[in-house]
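**Q** File name protein27.txt; file contents compact mmCIF, N, CA and C atoms; full text below.
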```
# COMPACT_ATOMS: atom_id res chain seq x y z
N MET A 12 -43.20 21.54 40.21
CA MET A 12 -44.19 20.80 39.46
C MET A 12 -44.29 21.42 38.06
N LYS A 13 -44.31 20.56 37.06
CA LYS A 13 -44.36 21.04 35.69
C LYS A 13 -45.80 21.26 35.25
N ASN A 14 -45.95 22.21 34.36
CA ASN A 14 -47.25 22.48 33.76
C ASN A 14 -47.51 21.43 32.69
N LEU A 15 -48.77 21.04 32.55
CA LEU A 15 -49.13 20.02 31.56
C LEU A 15 -48.71 20.45 30.15
N SER A 16 -48.75 21.74 29.85
CA SER A 16 -48.39 22.21 28.51
C SER A 16 -46.91 21.97 28.20
N GLU A 17 -46.08 21.76 29.22
CA GLU A 17 -44.67 21.44 28.97
C GLU A 17 -44.52 20.04 28.38
N PHE A 18 -45.43 19.16 28.74
CA PHE A 18 -45.38 17.80 28.22
C PHE A 18 -46.11 17.67 26.89
N PHE A 19 -47.17 18.44 26.73
CA PHE A 19 -47.99 18.39 25.53
C PHE A 19 -48.19 19.80 24.99
N PRO A 20 -47.19 20.33 24.32
CA PRO A 20 -47.33 21.68 23.80
C PRO A 20 -48.46 21.76 22.77
N LEU A 21 -49.17 22.87 22.79
CA LEU A 21 -50.25 23.06 21.82
C LEU A 21 -49.65 23.28 20.44
N ARG A 22 -50.21 22.62 19.46
CA ARG A 22 -49.72 22.74 18.09
C ARG A 22 -50.92 22.87 17.16
N HIS A 23 -50.65 23.39 16.00
CA HIS A 23 -51.69 23.48 14.99
C HIS A 23 -51.63 22.30 14.04
N GLU A 24 -50.48 21.64 13.99
CA GLU A 24 -50.35 20.47 13.14
C GLU A 24 -50.40 19.22 14.01
N PRO A 25 -50.68 18.06 13.42
CA PRO A 25 -50.71 16.82 14.21
C PRO A 25 -49.36 16.54 14.85
N PRO A 26 -49.34 15.91 16.03
CA PRO A 26 -48.06 15.62 16.67
C PRO A 26 -47.25 14.64 15.83
N SER A 27 -45.95 14.77 15.91
CA SER A 27 -45.05 13.89 15.17
C SER A 27 -45.06 12.52 15.81
N LEU A 28 -45.13 11.49 14.98
CA LEU A 28 -45.11 10.14 15.51
C LEU A 28 -43.74 9.76 16.05
N THR A 29 -42.73 10.53 15.70
CA THR A 29 -41.39 10.24 16.20
C THR A 29 -41.07 11.04 17.45
N SER A 30 -41.96 11.90 17.88
CA SER A 30 -41.74 12.71 19.07
C SER A 30 -41.71 11.81 20.31
N PRO A 31 -40.68 11.95 21.16
CA PRO A 31 -40.60 11.11 22.35
C PRO A 31 -41.69 11.44 23.37
N HIS A 32 -42.34 12.61 23.25
CA HIS A 32 -43.37 13.01 24.19
C HIS A 32 -44.77 12.70 23.69
N SER A 33 -44.87 12.17 22.51
CA SER A 33 -46.19 11.92 21.94
C SER A 33 -46.77 10.62 22.48
N LEU A 34 -47.96 10.70 23.04
CA LEU A 34 -48.65 9.52 23.54
C LEU A 34 -49.78 9.12 22.59
N ILE A 35 -49.86 9.80 21.50
CA ILE A 35 -50.96 9.59 20.57
C ILE A 35 -50.43 8.90 19.32
N THR A 36 -51.07 7.84 18.93
CA THR A 36 -50.75 7.19 17.68
C THR A 36 -51.83 7.56 16.68
N ILE A 37 -51.42 8.06 15.57
CA ILE A 37 -52.38 8.44 14.55
C ILE A 37 -52.45 7.32 13.53
N ASN A 38 -53.66 6.89 13.26
CA ASN A 38 -53.84 5.80 12.30
C ASN A 38 -55.01 6.16 11.41
N ASN A 39 -54.71 6.54 10.19
CA ASN A 39 -55.77 6.94 9.27
C ASN A 39 -56.47 5.75 8.63
N SER A 40 -55.99 4.54 8.90
CA SER A 40 -56.59 3.38 8.26
C SER A 40 -57.43 2.56 9.23
N ILE A 41 -57.89 3.17 10.32
CA ILE A 41 -58.70 2.45 11.29
C ILE A 41 -60.00 2.00 10.64
N GLU A 42 -60.30 0.72 10.81
CA GLU A 42 -61.53 0.17 10.27
C GLU A 42 -62.70 0.56 11.15
N ASP A 43 -63.87 0.58 10.57
CA ASP A 43 -65.08 0.89 11.30
C ASP A 43 -65.63 -0.41 11.89
N ARG A 44 -65.19 -0.74 13.11
CA ARG A 44 -65.62 -1.96 13.77
C ARG A 44 -66.09 -1.65 15.17
N CYS A 45 -66.87 -2.56 15.73
CA CYS A 45 -67.37 -2.40 17.09
C CYS A 45 -66.28 -2.73 18.11
N VAL A 46 -66.44 -2.20 19.30
CA VAL A 46 -65.47 -2.40 20.37
C VAL A 46 -65.25 -3.88 20.65
N HIS A 47 -66.33 -4.66 20.70
CA HIS A 47 -66.16 -6.07 21.03
C HIS A 47 -65.42 -6.84 19.95
N HIS A 48 -65.43 -6.36 18.71
CA HIS A 48 -64.62 -7.00 17.67
C HIS A 48 -63.14 -6.71 17.88
N TRP A 49 -62.83 -5.47 18.26
CA TRP A 49 -61.44 -5.13 18.58
C TRP A 49 -60.97 -5.98 19.76
N PHE A 50 -61.85 -6.13 20.76
CA PHE A 50 -61.50 -6.91 21.94
C PHE A 50 -61.22 -8.37 21.56
N GLU A 51 -62.08 -8.97 20.75
CA GLU A 51 -61.89 -10.36 20.35
C GLU A 51 -60.57 -10.55 19.60
N GLU A 52 -60.24 -9.58 18.78
CA GLU A 52 -58.97 -9.65 18.05
C GLU A 52 -57.80 -9.64 19.03
N GLN A 53 -57.89 -8.77 20.03
CA GLN A 53 -56.82 -8.69 21.03
C GLN A 53 -56.76 -9.98 21.84
N ALA A 54 -57.91 -10.56 22.16
CA ALA A 54 -57.95 -11.81 22.92
C ALA A 54 -57.30 -12.95 22.15
N GLN A 55 -57.42 -12.94 20.83
CA GLN A 55 -56.77 -13.96 20.01
C GLN A 55 -55.26 -13.75 19.97
N LYS A 56 -54.84 -12.48 19.93
CA LYS A 56 -53.41 -12.17 19.84
C LYS A 56 -52.69 -12.42 21.16
N THR A 57 -53.33 -12.05 22.27
CA THR A 57 -52.66 -12.13 23.57
C THR A 57 -53.60 -12.74 24.61
N PRO A 58 -53.95 -14.02 24.45
CA PRO A 58 -54.95 -14.62 25.34
C PRO A 58 -54.56 -14.67 26.82
N HIS A 59 -53.28 -14.77 27.12
CA HIS A 59 -52.84 -14.93 28.50
C HIS A 59 -52.40 -13.62 29.16
N THR A 60 -52.55 -12.54 28.44
CA THR A 60 -52.22 -11.22 29.00
C THR A 60 -53.39 -10.73 29.84
N VAL A 61 -53.08 -10.08 30.93
CA VAL A 61 -54.13 -9.55 31.80
C VAL A 61 -54.88 -8.44 31.06
N ALA A 62 -56.20 -8.58 31.02
CA ALA A 62 -57.04 -7.61 30.32
C ALA A 62 -57.67 -6.61 31.28
N VAL A 63 -58.02 -7.07 32.47
CA VAL A 63 -58.71 -6.18 33.41
C VAL A 63 -58.34 -6.58 34.84
N VAL A 64 -58.19 -5.55 35.68
CA VAL A 64 -57.85 -5.75 37.08
C VAL A 64 -58.83 -4.95 37.91
N PHE A 65 -59.35 -5.57 38.96
CA PHE A 65 -60.19 -4.86 39.91
C PHE A 65 -59.78 -5.32 41.30
N GLY A 66 -59.22 -4.41 42.06
CA GLY A 66 -58.71 -4.78 43.38
C GLY A 66 -57.61 -5.81 43.22
N TYR A 67 -57.79 -6.95 43.87
CA TYR A 67 -56.81 -8.03 43.77
C TYR A 67 -57.21 -9.08 42.73
N GLU A 68 -58.32 -8.86 42.06
CA GLU A 68 -58.80 -9.80 41.05
C GLU A 68 -58.34 -9.37 39.67
N LYS A 69 -58.14 -10.35 38.79
CA LYS A 69 -57.77 -10.03 37.43
C LYS A 69 -58.28 -11.12 36.50
N LEU A 70 -58.48 -10.74 35.26
CA LEU A 70 -58.87 -11.68 34.21
C LEU A 70 -57.98 -11.47 33.00
N THR A 71 -57.58 -12.56 32.38
CA THR A 71 -56.84 -12.44 31.13
C THR A 71 -57.84 -12.16 30.01
N TYR A 72 -57.31 -11.82 28.85
CA TYR A 72 -58.19 -11.61 27.69
C TYR A 72 -59.00 -12.87 27.40
N GLN A 73 -58.36 -14.03 27.48
CA GLN A 73 -59.05 -15.28 27.20
C GLN A 73 -60.17 -15.53 28.20
N GLN A 74 -59.90 -15.34 29.49
CA GLN A 74 -60.91 -15.55 30.52
C GLN A 74 -62.08 -14.58 30.35
N LEU A 75 -61.76 -13.32 30.13
CA LEU A 75 -62.80 -12.32 29.95
C LEU A 75 -63.63 -12.62 28.72
N ASN A 76 -62.98 -13.00 27.64
CA ASN A 76 -63.69 -13.31 26.40
C ASN A 76 -64.60 -14.52 26.59
N GLN A 77 -64.12 -15.56 27.26
CA GLN A 77 -64.94 -16.76 27.49
C GLN A 77 -66.16 -16.45 28.35
N ARG A 78 -65.96 -15.69 29.41
CA ARG A 78 -67.09 -15.35 30.29
C ARG A 78 -68.10 -14.46 29.57
N ALA A 79 -67.60 -13.50 28.82
CA ALA A 79 -68.50 -12.60 28.08
C ALA A 79 -69.26 -13.37 27.01
N ASN A 80 -68.60 -14.29 26.32
CA ASN A 80 -69.29 -15.11 25.31
C ASN A 80 -70.38 -15.96 25.93
N GLN A 81 -70.10 -16.55 27.09
CA GLN A 81 -71.08 -17.39 27.77
C GLN A 81 -72.32 -16.56 28.14
N LEU A 82 -72.10 -15.38 28.70
CA LEU A 82 -73.22 -14.53 29.08
C LEU A 82 -73.95 -13.99 27.85
N ALA A 83 -73.22 -13.67 26.80
CA ALA A 83 -73.84 -13.17 25.56
C ALA A 83 -74.78 -14.22 24.97
N HIS A 84 -74.34 -15.49 24.96
CA HIS A 84 -75.20 -16.56 24.44
C HIS A 84 -76.44 -16.74 25.30
N TYR A 85 -76.28 -16.62 26.60
CA TYR A 85 -77.43 -16.71 27.51
C TYR A 85 -78.41 -15.56 27.24
N LEU A 86 -77.89 -14.35 27.08
CA LEU A 86 -78.75 -13.20 26.79
C LEU A 86 -79.50 -13.41 25.47
N GLN A 87 -78.82 -13.94 24.47
CA GLN A 87 -79.47 -14.19 23.19
C GLN A 87 -80.58 -15.24 23.33
N ARG A 88 -80.36 -16.26 24.17
CA ARG A 88 -81.41 -17.25 24.41
C ARG A 88 -82.62 -16.63 25.10
N LEU A 89 -82.38 -15.57 25.87
CA LEU A 89 -83.47 -14.85 26.53
C LEU A 89 -84.20 -13.89 25.57
N GLY A 90 -83.68 -13.75 24.36
CA GLY A 90 -84.33 -12.88 23.38
C GLY A 90 -83.64 -11.57 23.11
N VAL A 91 -82.46 -11.36 23.71
CA VAL A 91 -81.71 -10.13 23.45
C VAL A 91 -81.17 -10.18 22.04
N LYS A 92 -81.40 -9.10 21.30
CA LYS A 92 -80.95 -9.01 19.91
C LYS A 92 -80.56 -7.57 19.62
N PRO A 93 -80.07 -7.29 18.41
CA PRO A 93 -79.74 -5.90 18.07
C PRO A 93 -80.93 -4.97 18.33
N GLU A 94 -80.61 -3.78 18.77
CA GLU A 94 -81.60 -2.75 19.10
C GLU A 94 -82.21 -2.94 20.49
N THR A 95 -81.89 -4.04 21.19
CA THR A 95 -82.40 -4.27 22.53
C THR A 95 -81.56 -3.47 23.52
N LEU A 96 -82.23 -2.87 24.51
CA LEU A 96 -81.53 -2.21 25.60
C LEU A 96 -81.54 -3.14 26.80
N VAL A 97 -80.38 -3.33 27.40
CA VAL A 97 -80.23 -4.21 28.55
C VAL A 97 -79.76 -3.38 29.73
N GLY A 98 -80.54 -3.38 30.80
CA GLY A 98 -80.14 -2.67 32.01
C GLY A 98 -79.08 -3.47 32.75
N ILE A 99 -78.03 -2.79 33.18
CA ILE A 99 -76.98 -3.43 33.97
C ILE A 99 -76.94 -2.74 35.33
N PHE A 100 -77.41 -3.46 36.35
CA PHE A 100 -77.49 -2.97 37.72
C PHE A 100 -76.49 -3.77 38.55
N ILE A 101 -75.28 -3.26 38.66
CA ILE A 101 -74.22 -4.01 39.33
C ILE A 101 -73.16 -3.03 39.82
N GLU A 102 -72.56 -3.37 40.95
CA GLU A 102 -71.44 -2.58 41.48
C GLU A 102 -70.25 -2.72 40.54
N ARG A 103 -69.33 -1.78 40.60
CA ARG A 103 -68.10 -1.88 39.81
C ARG A 103 -67.35 -3.13 40.23
N SER A 104 -67.01 -3.94 39.24
CA SER A 104 -66.38 -5.23 39.51
C SER A 104 -65.94 -5.84 38.19
N LEU A 105 -65.26 -6.98 38.28
CA LEU A 105 -64.92 -7.72 37.07
C LEU A 105 -66.20 -8.20 36.38
N GLU A 106 -67.19 -8.56 37.18
CA GLU A 106 -68.45 -9.03 36.62
C GLU A 106 -69.14 -7.94 35.81
N MET A 107 -68.96 -6.67 36.21
CA MET A 107 -69.54 -5.57 35.45
C MET A 107 -68.90 -5.49 34.07
N VAL A 108 -67.60 -5.66 34.00
CA VAL A 108 -66.91 -5.62 32.71
C VAL A 108 -67.38 -6.78 31.84
N VAL A 109 -67.52 -7.96 32.43
CA VAL A 109 -68.03 -9.12 31.70
C VAL A 109 -69.42 -8.81 31.15
N ALA A 110 -70.28 -8.24 31.97
CA ALA A 110 -71.65 -7.93 31.56
C ALA A 110 -71.70 -6.91 30.43
N LEU A 111 -70.91 -5.86 30.54
CA LEU A 111 -70.89 -4.84 29.50
C LEU A 111 -70.45 -5.42 28.16
N LEU A 112 -69.38 -6.20 28.19
CA LEU A 112 -68.87 -6.82 26.98
C LEU A 112 -69.87 -7.83 26.42
N ALA A 113 -70.52 -8.58 27.29
CA ALA A 113 -71.50 -9.58 26.85
C ALA A 113 -72.69 -8.94 26.14
N VAL A 114 -73.16 -7.84 26.67
CA VAL A 114 -74.29 -7.15 26.04
C VAL A 114 -73.90 -6.71 24.63
N LEU A 115 -72.71 -6.16 24.49
CA LEU A 115 -72.25 -5.74 23.16
C LEU A 115 -72.11 -6.93 22.23
N LYS A 116 -71.57 -8.04 22.74
CA LYS A 116 -71.41 -9.24 21.92
C LYS A 116 -72.76 -9.81 21.49
N ALA A 117 -73.78 -9.62 22.32
CA ALA A 117 -75.13 -10.10 21.99
C ALA A 117 -75.78 -9.20 20.94
N GLY A 118 -75.12 -8.08 20.63
CA GLY A 118 -75.64 -7.17 19.62
C GLY A 118 -76.51 -6.06 20.18
N ALA A 119 -76.63 -6.01 21.49
CA ALA A 119 -77.51 -5.04 22.13
C ALA A 119 -76.72 -3.83 22.63
N ALA A 120 -77.41 -2.98 23.33
CA ALA A 120 -76.80 -1.82 23.98
C ALA A 120 -77.15 -1.89 25.46
N TYR A 121 -76.26 -1.36 26.30
CA TYR A 121 -76.52 -1.43 27.74
C TYR A 121 -76.92 -0.07 28.29
N VAL A 122 -77.72 -0.14 29.36
CA VAL A 122 -78.11 1.04 30.12
C VAL A 122 -77.48 0.86 31.49
N PRO A 123 -76.45 1.65 31.81
CA PRO A 123 -75.79 1.49 33.11
C PRO A 123 -76.68 2.03 34.23
N LEU A 124 -76.93 1.19 35.22
CA LEU A 124 -77.76 1.55 36.36
C LEU A 124 -76.93 1.41 37.62
N ASP A 125 -76.50 2.52 38.16
CA ASP A 125 -75.61 2.53 39.32
C ASP A 125 -76.42 2.21 40.58
N PRO A 126 -76.04 1.15 41.31
CA PRO A 126 -76.77 0.79 42.53
C PRO A 126 -76.79 1.89 43.59
N SER A 127 -75.89 2.86 43.49
CA SER A 127 -75.88 3.95 44.47
C SER A 127 -76.90 5.04 44.15
N TYR A 128 -77.54 4.97 42.98
CA TYR A 128 -78.55 5.96 42.62
C TYR A 128 -79.78 5.79 43.50
N PRO A 129 -80.47 6.89 43.79
CA PRO A 129 -81.72 6.79 44.54
C PRO A 129 -82.76 6.00 43.73
N PRO A 130 -83.65 5.29 44.42
CA PRO A 130 -84.67 4.49 43.73
C PRO A 130 -85.50 5.28 42.72
N ASP A 131 -85.82 6.53 43.03
CA ASP A 131 -86.61 7.34 42.09
C ASP A 131 -85.84 7.58 40.79
N ARG A 132 -84.54 7.81 40.91
CA ARG A 132 -83.69 8.03 39.72
C ARG A 132 -83.63 6.76 38.88
N LEU A 133 -83.44 5.63 39.53
CA LEU A 133 -83.40 4.35 38.81
C LEU A 133 -84.72 4.07 38.11
N ALA A 134 -85.82 4.33 38.80
CA ALA A 134 -87.15 4.10 38.21
C ALA A 134 -87.34 4.98 36.98
N TYR A 135 -86.89 6.24 37.06
CA TYR A 135 -87.00 7.15 35.92
C TYR A 135 -86.17 6.63 34.74
N MET A 136 -84.93 6.21 35.03
CA MET A 136 -84.05 5.73 33.97
C MET A 136 -84.63 4.49 33.30
N LEU A 137 -85.18 3.58 34.09
CA LEU A 137 -85.77 2.36 33.53
C LEU A 137 -86.97 2.69 32.66
N ALA A 138 -87.80 3.59 33.13
CA ALA A 138 -88.99 3.98 32.36
C ALA A 138 -88.60 4.72 31.09
N ASP A 139 -87.65 5.63 31.22
CA ASP A 139 -87.23 6.44 30.07
C ASP A 139 -86.59 5.57 29.00
N ALA A 140 -85.78 4.60 29.40
CA ALA A 140 -85.10 3.72 28.45
C ALA A 140 -86.00 2.56 28.01
N GLN A 141 -87.12 2.42 28.67
CA GLN A 141 -88.07 1.32 28.40
C GLN A 141 -87.38 -0.03 28.56
N VAL A 142 -86.64 -0.14 29.64
CA VAL A 142 -85.94 -1.38 29.95
C VAL A 142 -86.81 -2.20 30.89
```
Using the file provided, produce a representation of the structure as structure tokens.
**A**
Amino acid sequence: MKNLSEFFPLRHEPPSLTSPHSLITINNSIEDRCVHHWFEEQAQKTPHTVAVVFGYEKLTYQQLNQRANQLAHYLQRLGVKPETLVGIFIERSLEMVVALLAVLKAGAAYVPLDPSYPPDRLAYMLADAQV
């Protein structure tokens, strides 16, 4: 078994972009944009490419984008706006990914609430986040 340092030797300078072992792409011109904007751009470029897989289920970028947009508009009709915290209480699933993306698209932030947490922990998190 090889040591991880054999694949990624420690260096003081940035890794070479031409190195066959480099898994890092350095881009000094990255724009300051939100994750959901990057996602929408990718959905436009590759709408039929699989974006997320959970178990035997999968969604393409287009499907995920459409579902997230639909939920984001619903959240906005409910009054969700920038600076709003939205609690997400859902098991890991494709629907969780849709919900997370929708909250971001609505301009809000999400508070992840794991259903496996004890009720006292969930109550504390809800009170602390004022959700």
**Q** Grab the atom CA of A:Val64 to atom CA of A:His48 distance for me, in Å with one decimal place.
**A**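 A separation of 20.6 Å between them.
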**Q** Using only C-alpha atoms for the distances, tell me which of A:Tyr128, A:Trp49, A:Tyr121, A:Tyr67 is nearest to A:Gln141.
**A** A:Tyr121
**Q** Which one is closest to A:Leu96: A:Asn80, A:Gln74, A:Gln55, A:Ala140? Count all atoms listed in the file.
**A** A:Ala140
**Q** Please compute the atom N of A:Ala54-atom N of A:Pro126 distance, one decimal, in Å.
**A**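 Interatomic distance here is 28.9 Å.
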**Q** In Å to one decimal, how far is atom N of A:Pro129 from atom N of A:Lys116?
**A**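 Spanning atom N of A:Lys116 to atom N of A:Pro129 is a straight-line distance of 27.3 Å.
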**Q** Taking the DSSP secondary structure from the backbone, can you list the residues of stretch 24-134 of chain A that are strand (DSSP E or B), as a list of chain:residue names?
**A** A:Val61, A:Ala62, A:Val63, A:Val64, A:Phe65, A:Glu68, A:Lys69, A:Leu70, A:Thr71, A:Leu96, A:Val97, A:Gly98, A:Ile99, A:Phe100, A:Ala120, A:Tyr121, A:Val122, A:Pro123, A:Leu124
**Q** Using only C-alpha atoms and a cutoff of 12 Å, can you tell me which residues are near (-73.6, -5.4, 32.7) in the file's coordinates, and write them out as a PyMOL selection string?
**A** chain A and resi 79+82-83+86+96-117+119-125
**Q** Could you write out the selected residues, including N, CA and C atoms, as a JSON list (two decimals), keeping the file's coordinate frame?
**A**
```json
[["chain", "number", "residue", "atom", "x", "y", "z"],
["A", 79, "ALA", "N", -67.60, -13.50, 28.82],
["A", 79, "ALA", "CA", -68.50, -12.60, 28.08],
["A", 79, "ALA", "C", -69.26, -13.37, 27.01],
["A", 82, "LEU", "N", -72.10, -15.38, 28.70],
["A", 82, "LEU", "CA", -73.22, -14.53, 29.08],
["A", 82, "LEU", "C", -73.95, -13.99, 27.85],
["A", 83, "ALA", "N", -73.22, -13.67, 26.80],
["A", 83, "ALA", "CA", -73.84, -13.17, 25.56],
["A", 83, "ALA", "C", -74.78, -14.22, 24.97],
["A", 86, "LEU", "N", -77.89, -14.35, 27.08],
["A", 86, "LEU", "CA", -78.75, -13.20, 26.79],
["A", 86, "LEU", "C", -79.50, -13.41, 25.47],
["A", 96, "LEU", "N", -82.23, -2.87, 24.51],
["A", 96, "LEU", "CA", -81.53, -2.21, 25.60],
["A", 96, "LEU", "C", -81.54, -3.14, 26.80],
["A", 97, "VAL", "N", -80.38, -3.33, 27.40],
["A", 97, "VAL", "CA", -80.23, -4.21, 28.55],
["A", 97, "VAL", "C", -79.76, -3.38, 29.73],
["A", 98, "GLY", "N", -80.54, -3.38, 30.80],
["A", 98, "GLY", "CA", -80.14, -2.67, 32.01],
["A", 98, "GLY", "C", -79.08, -3.47, 32.75],
["A", 99, "ILE", "N", -78.03, -2.79, 33.18],
["A", 99, "ILE", "CA", -76.98, -3.43, 33.97],
["A", 99, "ILE", "C", -76.94, -2.74, 35.33],
["A", 100, "PHE", "N", -77.41, -3.46, 36.35],
["A", 100, "PHE", "CA", -77.49, -2.97, 37.72],
["A", 100, "PHE", "C", -76.49, -3.77, 38.55],
["A", 101, "ILE", "N", -75.28, -3.26, 38.66],
["A", 101, "ILE", "CA", -74.22, -4.01, 39.33],
["A", 101, "ILE", "C", -73.16, -3.03, 39.82],
["A", 102, "GLU", "N", -72.56, -3.37, 40.95],
["A", 102, "GLU", "CA", -71.44, -2.58, 41.48],
["A", 102, "GLU", "C", -70.25, -2.72, 40.54],
["A", 103, "ARG", "N", -69.33, -1.78, 40.60],
["A", 103, "ARG", "CA", -68.10, -1.88, 39.81],
["A", 103, "ARG", "C", -67.35, -3.13, 40.23],
["A", 104, "SER", "N", -67.01, -3.94, 39.24],
["A", 104, "SER", "CA", -66.38, -5.23, 39.51],
["A", 104, "SER", "C", -65.94, -5.84, 38.19],
["A", 105, "LEU", "N", -65.26, -6.98, 38.28],
["A", 105, "LEU", "CA", -64.92, -7.72, 37.07],
["A", 105, "LEU", "C", -66.20, -8.20, 36.38],
["A", 106, "GLU", "N", -67.19, -8.56, 37.18],
["A", 106, "GLU", "CA", -68.45, -9.03, 36.62],
["A", 106, "GLU", "C", -69.14, -7.94, 35.81],
["A", 107, "MET", "N", -68.96, -6.67, 36.21],
["A", 107, "MET", "CA", -69.54, -5.57, 35.45],
["A", 107, "MET", "C", -68.90, -5.49, 34.07],
["A", 108, "VAL", "N", -67.60, -5.66, 34.00],
["A", 108, "VAL", "CA", -66.91, -5.62, 32.71],
["A", 108, "VAL", "C", -67.38, -6.78, 31.84],
["A", 109, "VAL", "N", -67.52, -7.96, 32.43],
["A", 109, "VAL", "CA", -68.03, -9.12, 31.70],
["A", 109, "VAL", "C", -69.42, -8.81, 31.15],
["A", 110, "ALA", "N", -70.28, -8.24, 31.97],
["A", 110, "ALA", "CA", -71.65, -7.93, 31.56],
["A", 110, "ALA", "C", -71.70, -6.91, 30.43],
["A", 111, "LEU", "N", -70.91, -5.86, 30.54],
["A", 111, "LEU", "CA", -70.89, -4.84, 29.50],
["A", 111, "LEU", "C", -70.45, -5.42, 28.16],
["A", 112, "LEU", "N", -69.38, -6.20, 28.19],
["A", 112, "LEU", "CA", -68.87, -6.82, 26.98],
["A", 112, "LEU", "C", -69.87, -7.83, 26.42],
["A", 113, "ALA", "N", -70.52, -8.58, 27.29],
["A", 113, "ALA", "CA", -71.50, -9.58, 26.85],
["A", 113, "ALA", "C", -72.69, -8.94, 26.14],
["A", 114, "VAL", "N", -73.16, -7.84, 26.67],
["A", 114, "VAL", "CA", -74.29, -7.15, 26.04],
["A", 114, "VAL", "C", -73.90, -6.71, 24.63],
["A", 115, "LEU", "N", -72.71, -6.16, 24.49],
["A", 115, "LEU", "CA", -72.25, -5.74, 23.16],
["A", 115, "LEU", "C", -72.11, -6.93, 22.23],
["A", 116, "LYS", "N", -71.57, -8.04, 22.74],
["A", 116, "LYS", "CA", -71.41, -9.24, 21.92],
["A", 116, "LYS", "C", -72.76, -9.81, 21.49],
["A", 117, "ALA", "N", -73.78, -9.62, 22.32],
["A", 117, "ALA", "CA", -75.13, -10.10, 21.99],
["A", 117, "ALA", "C", -75.78, -9.20, 20.94],
["A", 119, "ALA", "N", -76.63, -6.01, 21.49],
["A", 119, "ALA", "CA", -77.51, -5.04, 22.13],
["A", 119, "ALA", "C", -76.72, -3.83, 22.63],
["A", 120, "ALA", "N", -77.41, -2.98, 23.33],
["A", 120, "ALA", "CA", -76.80, -1.82, 23.98],
["A", 120, "ALA", "C", -77.15, -1.89, 25.46],
["A", 121, "TYR", "N", -76.26, -1.36, 26.30],
["A", 121, "TYR", "CA", -76.52, -1.43, 27.74],
["A", 121, "TYR", "C", -76.92, -0.07, 28.29],
["A", 122, "VAL", "N", -77.72, -0.14, 29.36],
["A", 122, "VAL", "CA", -78.11, 1.04, 30.12],
["A", 122, "VAL", "C", -77.48, 0.86, 31.49],
["A", 123, "PRO", "N", -76.45, 1.65, 31.81],
["A", 123, "PRO", "CA", -75.79, 1.49, 33.11],
["A", 123, "PRO", "C", -76.68, 2.03, 34.23],
["A", 124, "LEU", "N", -76.93, 1.19, 35.22],
["A", 124, "LEU", "CA", -77.76, 1.55, 36.36],
["A", 124, "LEU", "C", -76.93, 1.41, 37.62],
["A", 125, "ASP", "N", -76.50, 2.52, 38.16],
["A", 125, "ASP", "CA", -75.61, 2.53, 39.32],
["A", 125, "ASP", "C", -76.42, 2.21, 40.58]]
```
